[in-house]
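A.B. asks: My structure is stored as my_file-v6.txt, with compact mmCIF, C-alpha atoms.
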```txt
# COMPACT_ATOMS: atom_id res chain seq x y z
CA MET O 3 8.65 -15.41 8.87
CA ARG O 4 8.21 -18.31 6.49
CA LEU O 5 7.92 -18.75 2.78
CA ARG O 6 5.08 -20.86 1.55
CA ARG O 7 3.93 -21.62 -1.91
CA ARG O 8 0.38 -20.53 -2.56
CA THR O 9 -1.53 -23.01 -4.67
CA ALA O 10 -5.05 -21.56 -4.63
CA TRP O 11 -4.61 -19.60 -7.87
CA SER O 12 -4.98 -21.25 -11.25
CA PRO O 13 -5.60 -19.91 -14.76
CA ALA O 14 -9.05 -21.49 -14.67
CA SER O 15 -9.94 -19.41 -11.60
CA ILE O 16 -9.79 -16.17 -13.61
CA LYS O 17 -12.42 -15.56 -16.25
CA ARG O 18 -11.39 -13.95 -19.51
CA GLY O 19 -12.57 -10.36 -19.68
CA SER O 20 -13.17 -10.13 -15.94
CA THR O 21 -12.39 -6.87 -14.19
CA MET O 22 -9.91 -6.47 -11.39
CA SER O 23 -11.22 -5.57 -7.97
CA ILE O 24 -9.56 -4.12 -4.89
CA ASP O 25 -9.37 -6.16 -1.70
CA TRP O 26 -10.58 -3.32 0.53
CA SER O 27 -9.82 -5.18 3.76
CA ASN O 28 -6.11 -5.18 2.84
CA PHE O 29 -6.03 -1.75 1.18
CA THR O 30 -3.65 0.37 3.27
CA PRO O 31 -2.95 3.68 1.55
CA TRP O 32 -1.81 5.54 4.68
CA THR O 33 0.66 2.85 5.70
CA SER O 34 1.98 2.73 2.13
CA LEU O 35 2.30 6.52 2.04
CA ALA O 36 4.16 6.51 5.36
CA GLY O 37 6.52 3.78 4.10
CA GLY O 38 7.23 5.71 0.92
CA ALA O 39 7.87 8.88 2.90
CA LEU O 40 10.30 7.04 5.18
CA ILE O 41 12.17 5.63 2.17
CA GLY O 42 12.36 9.14 0.68
CA LEU O 43 13.57 10.57 3.99
CA ALA O 44 16.21 7.85 4.40
CA VAL O 45 17.69 8.26 0.93
CA SER O 46 17.54 12.05 1.19
CA LEU O 47 19.41 12.02 4.50
CA PHE O 48 21.92 9.52 3.11
CA ILE O 49 22.77 11.75 0.13
CA LEU O 50 22.81 14.95 2.23
CA VAL O 51 25.03 13.49 4.96
CA ASN O 52 27.28 11.27 2.83
CA GLY O 53 27.05 12.82 -0.62
CA ARG O 54 26.36 9.35 -2.05
CA ILE O 55 23.37 7.58 -3.59
CA ALA O 56 21.68 4.93 -1.46
CA GLY O 57 21.76 2.25 -4.16
CA ILE O 58 21.59 -1.04 -2.31
CA SER O 59 23.67 -3.03 -4.80
CA GLY O 60 26.45 -0.43 -4.60
CA LEU O 61 26.27 -0.36 -0.81
CA ILE O 62 26.50 -4.15 -0.63
CA ALA O 63 29.47 -4.19 -3.04
CA ALA O 64 31.24 -1.54 -0.94
CA ALA O 65 30.40 -3.31 2.33
CA LEU O 66 32.04 -6.48 1.01
CA GLN O 67 35.27 -4.52 0.47
CA ARG O 68 36.52 -3.99 4.01
CA GLY O 69 38.85 -1.09 3.18
CA SER O 70 36.34 0.95 1.15
CA GLU O 71 35.62 4.59 1.95
CA ALA O 72 32.97 5.12 4.69
CA TRP O 73 32.64 1.34 5.11
CA ASP O 74 31.06 1.60 8.56
CA GLU O 75 28.32 4.00 7.41
CA LYS O 76 27.38 1.69 4.54
CA VAL O 77 27.27 -1.35 6.79
CA LEU O 78 25.12 0.50 9.34
CA PHE O 79 22.68 1.59 6.60
CA LEU O 80 22.38 -2.02 5.38
CA LEU O 81 22.03 -3.27 8.96
CA GLY O 82 19.15 -0.83 9.41
CA LEU O 83 17.40 -2.39 6.42
CA LEU O 84 17.69 -5.81 8.03
CA LEU O 85 16.71 -4.71 11.54
CA ALA O 86 13.68 -2.61 10.54
CA PRO O 87 11.34 -5.61 10.12
CA VAL O 88 12.59 -7.09 13.39
CA LEU O 89 11.79 -3.85 15.23
CA TRP O 90 8.42 -3.58 13.48
CA GLY O 91 7.64 -7.16 14.51
CA MET O 92 8.12 -6.20 18.16
CA PHE O 93 5.14 -3.80 17.96
CA ALA O 94 2.91 -5.22 15.24
CA GLN O 95 2.31 -8.48 13.44
CA LEU O 96 4.26 -8.84 10.23
CA PRO O 97 2.27 -9.90 7.17
CA GLU O 98 2.58 -13.48 6.01
CA ILE O 99 4.79 -13.84 2.97
CA GLU O 100 3.33 -15.76 0.06
CA VAL O 101 5.52 -16.76 -2.85
CA ASP O 102 3.87 -18.02 -6.04
CA ALA O 103 7.05 -19.60 -7.40
CA GLY O 104 9.29 -22.53 -6.59
CA TRP O 105 12.95 -22.33 -5.58
CA PRO O 106 14.32 -22.84 -9.13
CA ALA O 107 12.31 -19.86 -10.40
CA LEU O 108 13.41 -17.73 -7.43
CA LEU O 109 17.07 -18.62 -7.98
CA LEU O 110 16.81 -17.84 -11.70
CA ALA O 111 15.08 -14.53 -10.93
CA GLY O 112 17.78 -13.58 -8.42
CA LEU O 113 20.50 -14.42 -10.93
CA LEU O 114 18.82 -12.34 -13.65
CA VAL O 115 18.38 -9.39 -11.28
CA GLY O 116 22.07 -9.61 -10.31
CA VAL O 117 23.16 -9.67 -13.96
CA GLY O 118 20.81 -6.80 -14.79
CA THR O 119 22.14 -4.80 -11.87
CA ARG O 120 25.70 -5.15 -13.15
CA TYR O 121 24.80 -4.29 -16.76
CA GLY O 122 22.54 -1.42 -15.71
CA ALA O 123 25.20 0.02 -13.37
CA GLY O 124 22.75 0.06 -10.48
CA CYS O 125 19.63 -1.42 -8.98
CA THR O 126 16.03 -0.35 -8.54
CA SER O 127 16.82 1.62 -5.41
CA GLY O 128 19.72 3.49 -6.99
CA HIS O 129 18.04 4.21 -10.30
CA GLY O 130 14.33 4.02 -9.43
CA VAL O 131 14.30 5.85 -6.11
CA CYS O 132 17.39 8.06 -6.10
CA GLY O 133 18.13 8.57 -9.79
CA VAL O 134 14.58 9.31 -10.95
CA SER O 135 14.12 11.83 -8.13
CA ARG O 136 17.25 13.64 -9.41
CA LEU O 137 15.95 13.39 -13.02
CA ALA O 138 19.15 11.61 -14.05
CA PRO O 139 18.72 10.58 -17.72
CA ARG O 140 20.54 7.27 -17.20
CA SER O 141 18.23 6.41 -14.30
CA LEU O 142 15.10 7.39 -16.22
CA VAL O 143 16.10 5.03 -19.06
CA ALA O 144 17.13 2.23 -16.67
CA THR O 145 13.87 2.52 -14.71
CA ALA O 146 11.80 2.54 -17.90
CA CYS O 147 13.66 -0.59 -19.05
CA PHE O 148 13.25 -2.64 -15.88
CA MET O 149 9.63 -1.59 -15.41
CA SER O 150 8.82 -2.49 -19.04
CA ALA O 151 10.60 -5.83 -18.67
CA GLY O 152 8.60 -6.53 -15.50
CA PHE O 153 5.29 -5.63 -17.16
CA ALA O 154 6.12 -7.80 -20.19
CA THR O 155 7.17 -10.73 -18.01
CA VAL O 156 3.96 -10.67 -15.97
CA TYR O 157 1.85 -10.35 -19.11
CA ILE O 158 3.61 -13.26 -20.82
CA ILE O 159 3.47 -15.52 -17.77
CA ARG O 160 -0.13 -14.74 -16.82
CA HIS O 161 -1.77 -14.28 -20.23
CA VAL O 162 0.35 -15.94 -22.92
CA LEU O 163 1.71 -18.98 -21.09
CA GLU O 164 -1.28 -19.00 -18.72
CA ALA O 165 0.85 -20.23 -15.84
```
Please express what this file holds, its structure, as structure tokens.
C.D. replies:
Amino acid sequence: MRLRRRTAWSPASIKRGSTMSIDWSNFTPWTSLAGGALIGLAVSLFILVNGRIAGISGLIAAALQRGSEAWDEKVLFLLGLLLAPVLWGMFAQLPEIEVDAGWPALLLAGLLVGVGTRYGAGCTSGHGVCGVSRLAPRSLVATACFMSAGFATVYIIRHVLEA
């Protein structure tokens, strides 16, 4: 797996007022549905068996504290997240990863996500996957906020700054 910067896209390559089209050769609804179902199954089993939300930022924080409650279960869950692509790669070719940003932008984005996770008392997996499915008001607000911020950021970068 390697990161490479894609340089084929430029603002001049997109015409104003053009419509978006679907790349049908890479459209995989059944694979996406299966992946979503597996995520739902994993977080459902985690809450049923452990009585805890499978928020990744909370699991990482607890895994870094050696004496925390159910430390081994949290570490095994996180290890499963890391090993899943390795196991998948044994049976099928993994897609090539393309990143449209340089390292400074990626580091800044990671820092902002970390700060947002602390202020929002959870991450996208905890609020967006687990909290929304439980109709938790705090998670509904948090998810609406980070989704709106993401939409606004993409709009500003792609249409206002034309980067």
A.B. asks: Write out as a list in words each polymer residue whose atoms come within 8 Å of range 29-45 of chain O, counting only C-alpha atoms; drop sequence neighbours fewer than 3 positions from it.
C.D. replies: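 Those residues are Ile24, Asp25, Trp26, Phe48, Ile49, Ile55, Ala56, Val131 and Cys132 of chain O.
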A.B. asks: For the point (25.4, -1.6, 2.5) in file coordinates, what residues are within 10 Å, counting only C-alpha atoms? Give the answer as a PyMOL selection string?
C.D. replies: chain O and resi 56-66+73-83
A.B. asks: Could you check how far CA of Glu71 in chain O sits from CA of Gly122 in chain O, in Å to one decimal?
C.D. replies: 22.8 Å
A.B. asks: Find the distance between CA of Ala72 in chain O and CA of Val88 in chain O and write it in Å to one decimal.
C.D. replies: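 Spanning CA of Ala72 in chain O to CA of Val88 in chain O is a straight-line distance of 25.3 Å.
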A.B. asks: What does the distance from CA of Val156 in chain O to CA of Pro87 in chain O come to in Å, to one decimal?
C.D. replies: 27.6 Å
A.B. asks: Restricting the calculation to all atoms listed in the file, which member of O:Ala146, O:Pro106, O:Val162, O:Ala154 is positioned closest to Gly133 in chain O?
C.D. replies: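 Checking each of O:Ala146, O:Pro106, O:Val162, O:Ala154 against Gly133 in chain O, counting all atoms listed in the file, the winner is O:Ala146.
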A.B. asks: Draw an axis-aligned box over all listed atoms of range 108-121 of chain O, pad each side with 6 Å, and write its centre and edge lengths in Å, one decimal, as JSON.
C.D. replies:
```
{"center_x": 19.6, "center_y": -11.5, "center_z": -12.1, "size_x": 24.3, "size_y": 26.3, "size_z": 21.3}
```
A.B. asks: Which of these residues is nearest to Arg160 in chain O, using all atoms listed in the file: O:Asp102, O:Cys147, O:Arg140, O:Gly53?
C.D. replies: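 Among O:Asp102, O:Cys147, O:Arg140, O:Gly53, it is O:Asp102 that comes nearest to Arg160 in chain O.
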A.B. asks: Which residue is closest to Arg136 in chain O? Choose from O:Val101, O:Val117, O:Leu89, O:Ser46 and count all atoms listed in the file.
C.D. replies: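 The closest residue to Arg136 in chain O is O:Ser46.
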A.B. asks: List as JSON, numbers by chain the residues having at least one atom at most 10 Å from position (17.8, -6.5, -20.2) as given in the file, counting all atoms listed in the file.
C.D. replies: {"O": [114, 115, 117, 118, 119, 121, 122, 144, 147, 148, 150, 151]}
